[in-house]
file input09.pdb (PDB, C-alpha atoms)
MODEL        1
ATOM      1  CA  MET Y 515      30.388  22.133 -18.867  1.00  0.00           C
ATOM      2  CA  THR Y 516      30.715  21.658 -22.595  1.00  0.00           C
ATOM      3  CA  SER Y 517      27.698  21.132 -24.846  1.00  0.00           C
ATOM      4  CA  GLY Y 518      28.569  17.456 -25.204  1.00  0.00           C
ATOM      5  CA  LEU Y 519      28.481  16.895 -21.458  1.00  0.00           C
ATOM      6  CA  TRP Y 520      25.204  18.793 -21.142  1.00  0.00           C
ATOM      7  CA  GLU Y 521      23.794  16.561 -23.883  1.00  0.00           C
ATOM      8  CA  LEU Y 522      24.830  13.532 -21.853  1.00  0.00           C
ATOM      9  CA  VAL Y 523      23.046  14.908 -18.781  1.00  0.00           C
ATOM     10  CA  LEU Y 524      19.886  15.713 -20.766  1.00  0.00           C
ATOM     11  CA  LYS Y 525      19.864  12.174 -22.180  1.00  0.00           C
ATOM     12  CA  GLY Y 526      20.020  10.969 -18.589  1.00  0.00           C
ATOM     13  CA  VAL Y 527      17.004  13.142 -17.736  1.00  0.00           C
ATOM     14  CA  TRP Y 528      15.076  11.594 -20.623  1.00  0.00           C
ATOM     15  CA  VAL Y 529      15.954   8.060 -19.485  1.00  0.00           C
ATOM     16  CA  THR Y 530      14.845   8.941 -15.938  1.00  0.00           C
ATOM     17  CA  ILE Y 531      11.514  10.250 -17.237  1.00  0.00           C
ATOM     18  CA  GLN Y 532      10.973   7.085 -19.283  1.00  0.00           C
ATOM     19  CA  LEU Y 533      11.724   4.898 -16.289  1.00  0.00           C
ATOM     20  CA  LEU Y 534       9.495   7.020 -14.040  1.00  0.00           C
ATOM     21  CA  VAL Y 535       6.504   6.819 -16.401  1.00  0.00           C
ATOM     22  CA  CYS Y 536       6.818   3.073 -17.013  1.00  0.00           C
ATOM     23  CA  SER Y 537       7.357   2.143 -13.363  1.00  0.00           C
ATOM     24  CA  ALA Y 538       4.605   4.545 -12.206  1.00  0.00           C
ATOM     25  CA  LEU Y 539       2.100   2.930 -14.589  1.00  0.00           C
ATOM     26  CA  LEU Y 540       3.037  -0.539 -13.342  1.00  0.00           C
ATOM     27  CA  ALA Y 541       2.939   0.610  -9.708  1.00  0.00           C
ATOM     28  CA  ALA Y 542      -0.506   2.197 -10.209  1.00  0.00           C
ATOM     29  CA  ALA Y 543      -1.903  -0.995 -11.739  1.00  0.00           C
ATOM     30  CA  VAL Y 544      -0.437  -3.116  -8.938  1.00  0.00           C
ATOM     31  CA  SER Y 545      -1.691  -0.669  -6.299  1.00  0.00           C
ATOM     32  CA  PHE Y 546      -5.308  -0.846  -7.430  1.00  0.00           C
ATOM     33  CA  VAL Y 547      -5.361  -4.604  -8.066  1.00  0.00           C
ATOM     34  CA  VAL Y 548      -3.723  -5.518  -4.753  1.00  0.00           C
ATOM     35  CA  GLY Y 549      -5.468  -2.749  -2.792  1.00  0.00           C
ATOM     36  CA  VAL Y 550      -8.919  -3.830  -3.984  1.00  0.00           C
ATOM     37  CA  ALA Y 551      -7.978  -7.474  -3.352  1.00  0.00           C
ATOM     38  CA  ARG Y 552      -7.176  -6.605   0.259  1.00  0.00           C
ATOM     39  CA  THR Y 553     -10.815  -5.593   0.745  1.00  0.00           C
ATOM     40  CA  HIS Y 554     -12.200  -8.738  -0.937  1.00  0.00           C
ATOM     41  CA  ARG Y 555     -14.792 -10.819   0.865  1.00  0.00           C
ATOM     42  CA  LEU Y 556     -12.779 -14.055   0.397  1.00  0.00           C
ATOM     43  CA  TRP Y 557     -10.073 -14.545   3.003  1.00  0.00           C
ATOM     44  CA  ILE Y 558      -7.703 -16.337   0.609  1.00  0.00           C
ATOM     45  CA  VAL Y 559      -7.689 -13.333  -1.736  1.00  0.00           C
ATOM     46  CA  ARG Y 560      -7.011 -10.984   1.183  1.00  0.00           C
ATOM     47  CA  PHE Y 561      -4.254 -13.283   2.428  1.00  0.00           C
ATOM     48  CA  LEU Y 562      -2.456 -13.479  -0.927  1.00  0.00           C
ATOM     49  CA  ALA Y 563      -2.702  -9.717  -1.429  1.00  0.00           C
ATOM     50  CA  GLY Y 564      -1.441  -9.094   2.105  1.00  0.00           C
ATOM     51  CA  PHE Y 565       1.421 -11.566   1.622  1.00  0.00           C
ATOM     52  CA  TYR Y 566       2.541  -9.771  -1.532  1.00  0.00           C
ATOM     53  CA  THR Y 567       2.373  -6.408   0.217  1.00  0.00           C
ATOM     54  CA  GLU Y 568       4.424  -7.535   3.191  1.00  0.00           C
ATOM     55  CA  VAL Y 569       7.092  -9.195   1.027  1.00  0.00           C
ATOM     56  CA  PHE Y 570       7.708  -6.221  -1.242  1.00  0.00           C
ATOM     57  CA  ARG Y 571       7.424  -3.622   1.522  1.00  0.00           C
ATOM     58  CA  GLY Y 572       9.883  -5.570   3.644  1.00  0.00           C
ATOM     59  CA  THR Y 573      12.620  -5.923   1.010  1.00  0.00           C
ATOM     60  CA  SER Y 574      15.089  -3.364  -0.281  1.00  0.00           C
ATOM     61  CA  ALA Y 575      14.339  -1.820  -3.679  1.00  0.00           C
ATOM     62  CA  LEU Y 576      18.064  -1.869  -4.473  1.00  0.00           C
ATOM     63  CA  VAL Y 577      18.369  -5.571  -3.680  1.00  0.00           C
ATOM     64  CA  MET Y 578      15.204  -6.218  -5.713  1.00  0.00           C
ATOM     65  CA  ILE Y 579      16.842  -4.524  -8.708  1.00  0.00           C
ATOM     66  CA  PHE Y 580      19.899  -6.742  -8.238  1.00  0.00           C
ATOM     67  CA  TRP Y 581      17.659  -9.800  -7.994  1.00  0.00           C
ATOM     68  CA  VAL Y 582      15.633  -8.981 -11.118  1.00  0.00           C
ATOM     69  CA  PHE Y 583      18.661  -8.043 -13.214  1.00  0.00           C
ATOM     70  CA  PHE Y 584      21.268 -10.547 -12.027  1.00  0.00           C
ATOM     71  CA  VAL Y 585      19.380 -13.514 -10.511  1.00  0.00           C
ATOM     72  CA  LEU Y 586      16.450 -14.007 -12.899  1.00  0.00           C
ATOM     73  CA  PRO Y 587      18.504 -14.332 -16.129  1.00  0.00           C
ATOM     74  CA  PRO Y 588      20.475 -17.452 -15.056  1.00  0.00           C
ATOM     75  CA  ALA Y 589      17.371 -18.967 -13.460  1.00  0.00           C
ATOM     76  CA  PHE Y 590      15.064 -18.605 -16.471  1.00  0.00           C
ATOM     77  CA  GLY Y 591      17.479 -18.315 -19.366  1.00  0.00           C
ATOM     78  CA  TRP Y 592      16.505 -14.842 -20.539  1.00  0.00           C
ATOM     79  CA  GLN Y 593      17.831 -11.353 -19.995  1.00  0.00           C
ATOM     80  CA  LEU Y 594      15.911  -8.170 -19.288  1.00  0.00           C
ATOM     81  CA  VAL Y 595      17.222  -4.874 -20.640  1.00  0.00           C
ATOM     82  CA  PRO Y 596      18.019  -2.416 -17.812  1.00  0.00           C
ATOM     83  CA  LEU Y 597      14.940  -0.251 -18.499  1.00  0.00           C
ATOM     84  CA  TRP Y 598      12.490  -3.141 -18.115  1.00  0.00           C
ATOM     85  CA  ALA Y 599      14.392  -4.651 -15.194  1.00  0.00           C
ATOM     86  CA  GLY Y 600      14.237  -1.319 -13.378  1.00  0.00           C
ATOM     87  CA  THR Y 601      10.563  -0.877 -14.295  1.00  0.00           C
ATOM     88  CA  LEU Y 602       9.679  -4.321 -12.959  1.00  0.00           C
ATOM     89  CA  ALA Y 603      11.619  -3.968  -9.707  1.00  0.00           C
ATOM     90  CA  LEU Y 604      10.485  -0.418  -8.909  1.00  0.00           C
ATOM     91  CA  GLY Y 605       6.902  -0.940 -10.094  1.00  0.00           C
ATOM     92  CA  LEU Y 606       6.389  -4.026  -7.943  1.00  0.00           C
ATOM     93  CA  THR Y 607       8.092  -2.479  -4.914  1.00  0.00           C
ATOM     94  CA  TYR Y 608       6.296   0.867  -4.944  1.00  0.00           C
ATOM     95  CA  GLY Y 609       3.054  -0.821  -5.982  1.00  0.00           C
ATOM     96  CA  ALA Y 610       3.100  -2.606  -2.621  1.00  0.00           C
ATOM     97  CA  TYR Y 611       3.181   0.765  -0.850  1.00  0.00           C
ATOM     98  CA  GLY Y 612       0.466   2.114  -3.129  1.00  0.00           C
ATOM     99  CA  SER Y 613      -1.801  -0.836  -2.372  1.00  0.00           C
ATOM    100  CA  GLU Y 614      -1.996   0.295   1.249  1.00  0.00           C
ATOM    101  CA  ILE Y 615      -3.065   3.754   0.066  1.00  0.00           C
ATOM    102  CA  VAL Y 616      -5.861   2.203  -2.012  1.00  0.00           C
ATOM    103  CA  ARG Y 617      -6.970  -0.112   0.780  1.00  0.00           C
ATOM    104  CA  GLY Y 618      -7.024   2.700   3.332  1.00  0.00           C
ATOM    105  CA  ALA Y 619      -9.018   5.016   1.058  1.00  0.00           C
ATOM    106  CA  LEU Y 620     -11.592   2.317   0.265  1.00  0.00           C
ATOM    107  CA  THR Y 621     -12.119   1.363   3.898  1.00  0.00           C
ATOM    108  CA  ALA Y 622     -12.460   5.067   4.819  1.00  0.00           C
ATOM    109  CA  VAL Y 623     -15.616   5.437   2.725  1.00  0.00           C
ATOM    110  CA  ASP Y 624     -18.735   5.640   4.900  1.00  0.00           C
ATOM    111  CA  PRO Y 625     -20.130   2.097   5.375  1.00  0.00           C
ATOM    112  CA  ALA Y 626     -23.602   3.512   4.763  1.00  0.00           C
ATOM    113  CA  GLN Y 627     -22.588   4.073   1.141  1.00  0.00           C
ATOM    114  CA  GLN Y 628     -21.779   0.394   0.773  1.00  0.00           C
ATOM    115  CA  GLU Y 629     -25.011  -0.591   2.474  1.00  0.00           C
ATOM    116  CA  GLY Y 630     -26.938   1.675   0.117  1.00  0.00           C
ATOM    117  CA  GLY Y 631     -25.433  -0.130  -2.865  1.00  0.00           C
ATOM    118  CA  ILE Y 632     -26.423  -3.478  -1.389  1.00  0.00           C
ATOM    119  CA  ALA Y 633     -29.955  -2.187  -0.831  1.00  0.00           C
ATOM    120  CA  LEU Y 634     -30.095  -1.203  -4.505  1.00  0.00           C
ATOM    121  CA  SER Y 635     -29.034  -4.748  -5.469  1.00  0.00           C
ATOM    122  CA  PHE Y 636     -25.723  -3.575  -6.970  1.00  0.00           C
ATOM    123  CA  THR Y 637     -23.144  -6.253  -7.693  1.00  0.00           C
ATOM    124  CA  PRO Y 638     -19.779  -5.970  -5.864  1.00  0.00           C
ATOM    125  CA  TRP Y 639     -18.179  -4.615  -9.045  1.00  0.00           C
ATOM    126  CA  GLN Y 640     -20.948  -2.031  -9.464  1.00  0.00           C
ATOM    127  CA  ARG Y 641     -20.567  -0.921  -5.847  1.00  0.00           C
ATOM    128  CA  MET Y 642     -16.824  -0.601  -6.346  1.00  0.00           C
ATOM    129  CA  ARG Y 643     -17.091   1.281  -9.667  1.00  0.00           C
ATOM    130  CA  LEU Y 644     -20.092   3.506  -8.944  1.00  0.00           C
ATOM    131  CA  ILE Y 645     -19.902   4.144  -5.191  1.00  0.00           C
ATOM    132  CA  LEU Y 646     -16.543   3.404  -3.588  1.00  0.00           C
ATOM    133  CA  LEU Y 647     -13.948   4.435  -6.172  1.00  0.00           C
ATOM    134  CA  PRO Y 648     -15.500   7.837  -7.051  1.00  0.00           C
ATOM    135  CA  GLN Y 649     -15.292   8.794  -3.365  1.00  0.00           C
ATOM    136  CA  ALA Y 650     -11.988   7.085  -2.567  1.00  0.00           C
ATOM    137  CA  VAL Y 651      -9.856   8.112  -5.557  1.00  0.00           C
ATOM    138  CA  PRO Y 652      -9.733  11.868  -4.723  1.00  0.00           C
ATOM    139  CA  GLU Y 653      -8.487  10.979  -1.241  1.00  0.00           C
ATOM    140  CA  MET Y 654      -5.705   8.837  -2.746  1.00  0.00           C
ATOM    141  CA  ILE Y 655      -4.135  11.667  -4.733  1.00  0.00           C
ATOM    142  CA  PRO Y 656      -2.109  13.399  -1.944  1.00  0.00           C
ATOM    143  CA  PRO Y 657      -0.424  10.189  -0.693  1.00  0.00           C
ATOM    144  CA  PHE Y 658       0.028   8.996  -4.277  1.00  0.00           C
ATOM    145  CA  SER Y 659       1.737  12.313  -5.020  1.00  0.00           C
ATOM    146  CA  ASN Y 660       4.231  11.678  -2.225  1.00  0.00           C
ATOM    147  CA  LEU Y 661       4.752   8.125  -3.444  1.00  0.00           C
ATOM    148  CA  LEU Y 662       5.397   9.362  -6.985  1.00  0.00           C
ATOM    149  CA  ILE Y 663       8.075  11.741  -5.704  1.00  0.00           C
ATOM    150  CA  GLU Y 664       9.673   8.866  -3.800  1.00  0.00           C
ATOM    151  CA  LEU Y 665       9.575   6.785  -6.975  1.00  0.00           C
ATOM    152  CA  LEU Y 666      11.301   9.575  -8.896  1.00  0.00           C
ATOM    153  CA  LYS Y 667      14.128   9.602  -6.358  1.00  0.00           C
ATOM    154  CA  GLY Y 668      14.181   5.803  -6.361  1.00  0.00           C
ATOM    155  CA  THR Y 669      14.934   5.734 -10.090  1.00  0.00           C
ATOM    156  CA  ALA Y 670      18.521   6.699  -9.215  1.00  0.00           C
ATOM    157  CA  LEU Y 671      18.985   3.134  -7.949  1.00  0.00           C
ATOM    158  CA  VAL Y 672      19.042   1.770 -11.511  1.00  0.00           C
ATOM    159  CA  SER Y 673      22.457   3.378 -12.026  1.00  0.00           C
ATOM    160  CA  VAL Y 674      23.923   0.261 -10.392  1.00  0.00           C
ATOM    161  CA  MET Y 675      22.981  -1.648 -13.580  1.00  0.00           C
ATOM    162  CA  GLY Y 676      24.903   0.822 -15.727  1.00  0.00           C
ATOM    163  CA  MET Y 677      21.685   2.350 -16.995  1.00  0.00           C
ATOM    164  CA  GLY Y 678      22.244   5.865 -18.320  1.00  0.00           C
ATOM    165  CA  ASP Y 679      19.766   7.683 -16.113  1.00  0.00           C
ATOM    166  CA  LEU Y 680      20.293  11.113 -14.579  1.00  0.00           C
ATOM    167  CA  ALA Y 681      22.344   9.848 -11.628  1.00  0.00           C
ATOM    168  CA  PHE Y 682      24.558   7.670 -13.835  1.00  0.00           C
ATOM    169  CA  SER Y 683      25.101  10.450 -16.392  1.00  0.00           C
ATOM    170  CA  GLY Y 684      25.921  12.934 -13.647  1.00  0.00           C
ATOM    171  CA  ASN Y 685      28.532  10.576 -12.258  1.00  0.00           C
ATOM    172  CA  LEU Y 686      30.133  10.190 -15.700  1.00  0.00           C
ATOM    173  CA  VAL Y 687      30.342  13.979 -16.049  1.00  0.00           C
ATOM    174  CA  ARG Y 688      31.848  14.217 -12.557  1.00  0.00           C
ATOM    175  CA  LEU Y 689      34.549  11.726 -13.514  1.00  0.00           C
ATOM    176  CA  ALA Y 690      35.271  13.656 -16.699  1.00  0.00           C
ATOM    177  CA  LEU Y 691      35.531  17.064 -15.039  1.00  0.00           C
ATOM    178  CA  GLN Y 692      36.632  16.054 -11.530  1.00  0.00           C
ATOM    179  CA  GLU Y 693      34.130  18.568 -10.135  1.00  0.00           C
ATOM    180  CA  SER Y 694      31.895  16.874  -7.584  1.00  0.00           C
ATOM    181  CA  ALA Y 695      30.224  19.883  -5.953  1.00  0.00           C
ATOM    182  CA  GLU Y 696      29.181  21.579  -9.188  1.00  0.00           C
ATOM    183  CA  ILE Y 697      27.945  18.462 -10.970  1.00  0.00           C
ATOM    184  CA  TYR Y 698      25.994  17.009  -8.076  1.00  0.00           C
ATOM    185  CA  THR Y 699      24.431  20.420  -7.419  1.00  0.00           C
ATOM    186  CA  TYR Y 700      23.143  20.435 -10.997  1.00  0.00           C
ATOM    187  CA  VAL Y 701      21.833  16.883 -10.562  1.00  0.00           C
ATOM    188  CA  LEU Y 702      20.023  17.805  -7.348  1.00  0.00           C
ATOM    189  CA  LEU Y 703      18.448  20.816  -9.023  1.00  0.00           C
ATOM    190  CA  LEU Y 704      17.246  18.704 -11.949  1.00  0.00           C
ATOM    191  CA  TYR Y 705      15.634  16.190  -9.581  1.00  0.00           C
ATOM    192  CA  PHE Y 706      14.009  19.084  -7.723  1.00  0.00           C
ATOM    193  CA  VAL Y 707      12.595  20.553 -10.939  1.00  0.00           C
ATOM    194  CA  LEU Y 708      11.142  17.180 -11.948  1.00  0.00           C
ATOM    195  CA  ALA Y 709       9.648  16.681  -8.470  1.00  0.00           C
ATOM    196  CA  PHE Y 710       8.180  20.198  -8.476  1.00  0.00           C
ATOM    197  CA  LEU Y 711       6.504  19.638 -11.857  1.00  0.00           C
ATOM    198  CA  LEU Y 712       5.069  16.325 -10.663  1.00  0.00           C
ATOM    199  CA  THR Y 713       3.684  18.020  -7.549  1.00  0.00           C
ATOM    200  CA  ARG Y 714       1.960  20.708  -9.640  1.00  0.00           C
ATOM    201  CA  VAL Y 715       0.410  18.088 -11.934  1.00  0.00           C
ATOM    202  CA  MET Y 716      -0.847  15.978  -9.028  1.00  0.00           C
ATOM    203  CA  ARG Y 717      -2.359  18.995  -7.251  1.00  0.00           C
ATOM    204  CA  SER Y 718      -4.182  19.992 -10.423  1.00  0.00           C
ATOM    205  CA  LEU Y 719      -5.483  16.440 -10.737  1.00  0.00           C
ATOM    206  CA  GLU Y 720      -6.614  16.474  -7.097  1.00  0.00           C
ATOM    207  CA  LYS Y 721      -8.561  19.720  -7.582  1.00  0.00           C
ATOM    208  CA  LYS Y 722     -10.197  18.345 -10.710  1.00  0.00           C
ATOM    209  CA  LEU Y 723     -11.256  15.100  -9.038  1.00  0.00           C
ATOM    210  CA  LYS Y 724     -12.545  16.836  -5.910  1.00  0.00           C
ATOM    211  CA  ALA Y 725     -14.541  19.426  -7.840  1.00  0.00           C
ATOM    212  CA  GLY Y 726     -18.155  19.048  -6.794  1.00  0.00           C
ATOM    213  CA  VAL Y 727     -17.537  16.067  -4.483  1.00  0.00           C
ATOM    214  CA  GLY Y 728     -19.613  16.355  -1.335  1.00  0.00           C
ATOM    215  CA  LYS Y 729     -21.353  19.563  -2.374  1.00  0.00           C
ATOM    216  CA  ALA Y 730     -25.105  19.860  -2.199  1.00  0.00           C
ATOM    217  CA  PRO Y 731     -26.798  20.640  -5.507  1.00  0.00           C
ATOM    218  CA  ALA Y 732     -27.669  24.277  -5.978  1.00  0.00           C
ATOM    219  CA  ASP Y 733     -31.321  25.066  -5.350  1.00  0.00           C
ATOM    220  CA  LYS Y 734     -32.543  26.828  -8.479  1.00  0.00           C
ATOM    221  CA  THR Y 735     -36.104  27.398  -7.219  1.00  0.00           C
ATOM    222  CA  ARG Y 736     -36.920  30.751  -5.811  1.00  0.00           C
ATOM    223  CA  ALA Y 737     -37.684  30.804  -2.162  1.00  0.00           C
ATOM    224  CA  ALA Y 738     -41.327  31.513  -1.557  1.00  0.00           C
ATOM    225  CA  GLU Y 739     -42.023  34.887  -0.077  1.00  0.00           C
ATOM    226  CA  PRO Y 740     -43.440  34.784   3.421  1.00  0.00           C
ATOM    227  CA  VAL Y 741     -47.169  35.260   3.583  1.00  0.00           C
ATOM    228  CA  VAL Y 742     -48.442  37.626   6.233  1.00  0.00           C
ATOM    229  CA  VAL Y 743     -51.827  36.732   7.532  1.00  0.00           C
ATOM    230  CA  GLU Y 744     -53.617  39.460   9.428  1.00  0.00           C
ATOM    231  CA  ALA Y 745     -55.662  38.448  12.309  1.00  0.00           C
ATOM    232  CA  VAL Y 746     -59.385  39.019  11.803  1.00  0.00           C
ATOM    233  CA  ARG Y 747     -60.852  41.140  14.458  1.00  0.00           C
TER
ENDMDL
END
call {"tool": "encode", "arguments": {"input": "input09.pdb", "output": "structure tokens"}}
result
Amino acid sequence: MTSGLWELVLKGVWVTIQLLVCSALLAAAVSFVVGVARTHRLWIVRFLAGFYTEVFRGTSALVMIFWVFFVLPPAFGWQLVPLWAGTLALGLTYGAYGSEIVRGALTAVDPAQQEGGIALSFTPWQRMRLILLPQAVPEMIPPFSNLLIELLKGTALVSVMGMGDLAFSGNLVRLALQESAEIYTYVLLLYFVLAFLLTRVMRSLEKKLKAGVGKAPADKTRAAEPVVVEAVR
């Protein structure tokens, strides 16, 4: 490929990274808000959170992108740029999957921990912030890592809006060179490199969060030497 075509592909990589970061931040926020809401003591809050989860898990991400980009503008009289339309559609869709990860991790915490917080007269927010989340968040990292990789691959769907992401740029280069095998091999390798880097970052984060969790504090006192008492004859 010429330098100009490589520049086009690299611009597509940059657009993909932008979309990934923005949609991942939105998905993370949605995951924690909806996931925590699904463990709320009020049934109406649990119902609304569950309804949202079922709707967005049960609909296609591609159709959601179409809906956000093509249906919302005529209905509300405003137009979203492709980056924000893709961010909204992907963030809300993958946030629904992430909310189940959060809910599962919170409910997996030992109930005795929750009862201990109640015994200490902690408020629900204090129990969540000081007891549940510190134990649940490290367990969320592996499934969140998988979800982030899926989100990276899902960013290719925005090419249907004409957004110049990696998939769209690769297709333009393919049309210019009429070389499908070579171009799509390069695109696959670039997605793999991005996914590999994300996996390394998430594993480092997991190790950092799990450092010291569940370990007993080191005993710095010297063990007392055994005392031998002789029997008195």
call {"tool": "atom_distance", "arguments": {"input": "input09.pdb", "atom1": "CA of Arg643 (chain Y)", "atom2": "CA of Pro625 (chain Y)"}}
result
15.4 Å
call {"tool": "closest_residue", "arguments": {"input": "input09.pdb", "among": "Y:Ser718, Y:Thr637, Y:Ser613, Y:Thr713", "to": "Val547 (chain Y)", "atoms": "all atoms listed in the file"}}
result
Y:Ser613
call {"tool": "resolve_selection", "arguments": {"input": "input09.pdb", "expression": "the PyMOL selection byres ((chain Y and resi 654) around 12)", "output": "MDAnalysis selection string"}}
result
chainID Y and resid 542 545:546 549 612:623 647:653 655:662 716:717 719:720 723:724
call {"tool": "residues_near_point", "arguments": {"input": "input09.pdb", "point": "(3.3, 5.8, -12.8)", "cutoff": "12 Å", "atoms": "all atoms listed in the file", "output": "MDAnalysis selection string"}}
result
chainID Y and resid 531:545 601:602 604:606 608:609 612 658:659 661:666 669 712 716
call {"tool": "resolve_selection", "arguments": {"input": "input09.pdb", "expression": "the PyMOL selection byres ((chain Y and resi 677) around 10)", "output": "PyMOL selection string"}}
result
chain Y and resi 526+529-530+595-597+600+670-676+678-683
call {"tool": "write_last_selection", "arguments": {"input": "input09.pdb", "atoms": "C-alpha atoms", "output": "compact mmCIF listing (two decimals), in the coordinates of the input"}}
result
# COMPACT_ATOMS: atom_id res chain seq x y z
CA GLY Y 526 20.02 10.97 -18.59
CA VAL Y 529 15.95 8.06 -19.48
CA THR Y 530 14.84 8.94 -15.94
CA VAL Y 595 17.22 -4.87 -20.64
CA PRO Y 596 18.02 -2.42 -17.81
CA LEU Y 597 14.94 -0.25 -18.50
CA GLY Y 600 14.24 -1.32 -13.38
CA ALA Y 670 18.52 6.70 -9.22
CA LEU Y 671 18.98 3.13 -7.95
CA VAL Y 672 19.04 1.77 -11.51
CA SER Y 673 22.46 3.38 -12.03
CA VAL Y 674 23.92 0.26 -10.39
CA MET Y 675 22.98 -1.65 -13.58
CA GLY Y 676 24.90 0.82 -15.73
CA GLY Y 678 22.24 5.86 -18.32
CA ASP Y 679 19.77 7.68 -16.11
CA LEU Y 680 20.29 11.11 -14.58
CA ALA Y 681 22.34 9.85 -11.63
CA PHE Y 682 24.56 7.67 -13.84
CA SER Y 683 25.10 10.45 -16.39
call {"tool": "resolve_selection", "arguments": {"input": "input09.pdb", "expression": "the PyMOL selection byres ((chain Y and resi 565-576) around 7)", "output": "PyMOL selection string"}}
result
chain Y and resi 561-564+577-580+603-604+607+610-611+671
call {"tool": "closest_residue", "arguments": {"input": "input09.pdb", "among": "Y:Val707, Y:Val715, Y:Ile558, Y:Leu644", "to": "Gly631 (chain Y)", "atoms": "only C-alpha atoms"}}
result
Y:Leu644
call {"tool": "atom_distance", "arguments": {"input": "input09.pdb", "atom1": "CA of Ile645 (chain Y)", "atom2": "CA of His554 (chain Y)"}}
result
15.6 Å
call {"tool": "atom_distance", "arguments": {"input": "input09.pdb", "atom1": "CA of Val582 (chain Y)", "atom2": "CA of Arg688 (chain Y)"}}
result
28.3 Å
call {"tool": "closest_residue", "arguments": {"input": "input09.pdb", "among": "Y:Lys722, Y:Glu693, Y:Phe583, Y:Leu702", "to": "Trp598 (chain Y)", "atoms": "all atoms listed in the file"}}
result
Y:Phe583
call {"tool": "residues_near_point", "arguments": {"input": "input09.pdb", "point": "(31.6, 19.7, -19.7)", "cutoff": "12 Å", "atoms": "only C-alpha atoms", "output": "PDB file with C-alpha atoms, keeping the file's coordinate frame"}}
result
ATOM      1  CA  MET Y 515      30.388  22.133 -18.867  1.00  0.00           C
ATOM      2  CA  THR Y 516      30.715  21.658 -22.595  1.00  0.00           C
ATOM      3  CA  SER Y 517      27.698  21.132 -24.846  1.00  0.00           C
ATOM      4  CA  GLY Y 518      28.569  17.456 -25.204  1.00  0.00           C
ATOM      5  CA  LEU Y 519      28.481  16.895 -21.458  1.00  0.00           C
ATOM      6  CA  TRP Y 520      25.204  18.793 -21.142  1.00  0.00           C
ATOM      7  CA  GLU Y 521      23.794  16.561 -23.883  1.00  0.00           C
ATOM      8  CA  LEU Y 522      24.830  13.532 -21.853  1.00  0.00           C
ATOM      9  CA  VAL Y 523      23.046  14.908 -18.781  1.00  0.00           C
ATOM     10  CA  SER Y 683      25.101  10.450 -16.392  1.00  0.00           C
ATOM     11  CA  GLY Y 684      25.921  12.934 -13.647  1.00  0.00           C
ATOM     12  CA  LEU Y 686      30.133  10.190 -15.700  1.00  0.00           C
ATOM     13  CA  VAL Y 687      30.342  13.979 -16.049  1.00  0.00           C
ATOM     14  CA  ARG Y 688      31.848  14.217 -12.557  1.00  0.00           C
ATOM     15  CA  LEU Y 689      34.549  11.726 -13.514  1.00  0.00           C
ATOM     16  CA  ALA Y 690      35.271  13.656 -16.699  1.00  0.00           C
ATOM     17  CA  LEU Y 691      35.531  17.064 -15.039  1.00  0.00           C
ATOM     18  CA  GLN Y 692      36.632  16.054 -11.530  1.00  0.00           C
ATOM     19  CA  GLU Y 693      34.130  18.568 -10.135  1.00  0.00           C
ATOM     20  CA  GLU Y 696      29.181  21.579  -9.188  1.00  0.00           C
ATOM     21  CA  ILE Y 697      27.945  18.462 -10.970  1.00  0.00           C
TER      22      ILE Y 697
END
call {"tool": "axis_aligned_box", "arguments": {"input": "input09.pdb", "around": "region 673-686 of chain Y", "padding_each_side": "6 Å", "output": "lines of an AutoDock Vina configuration file"}}
result
center_x = 24.9
center_y = 5.6
center_z = -14.4
size_x = 22.4
size_y = 26.6
size_z = 19.9
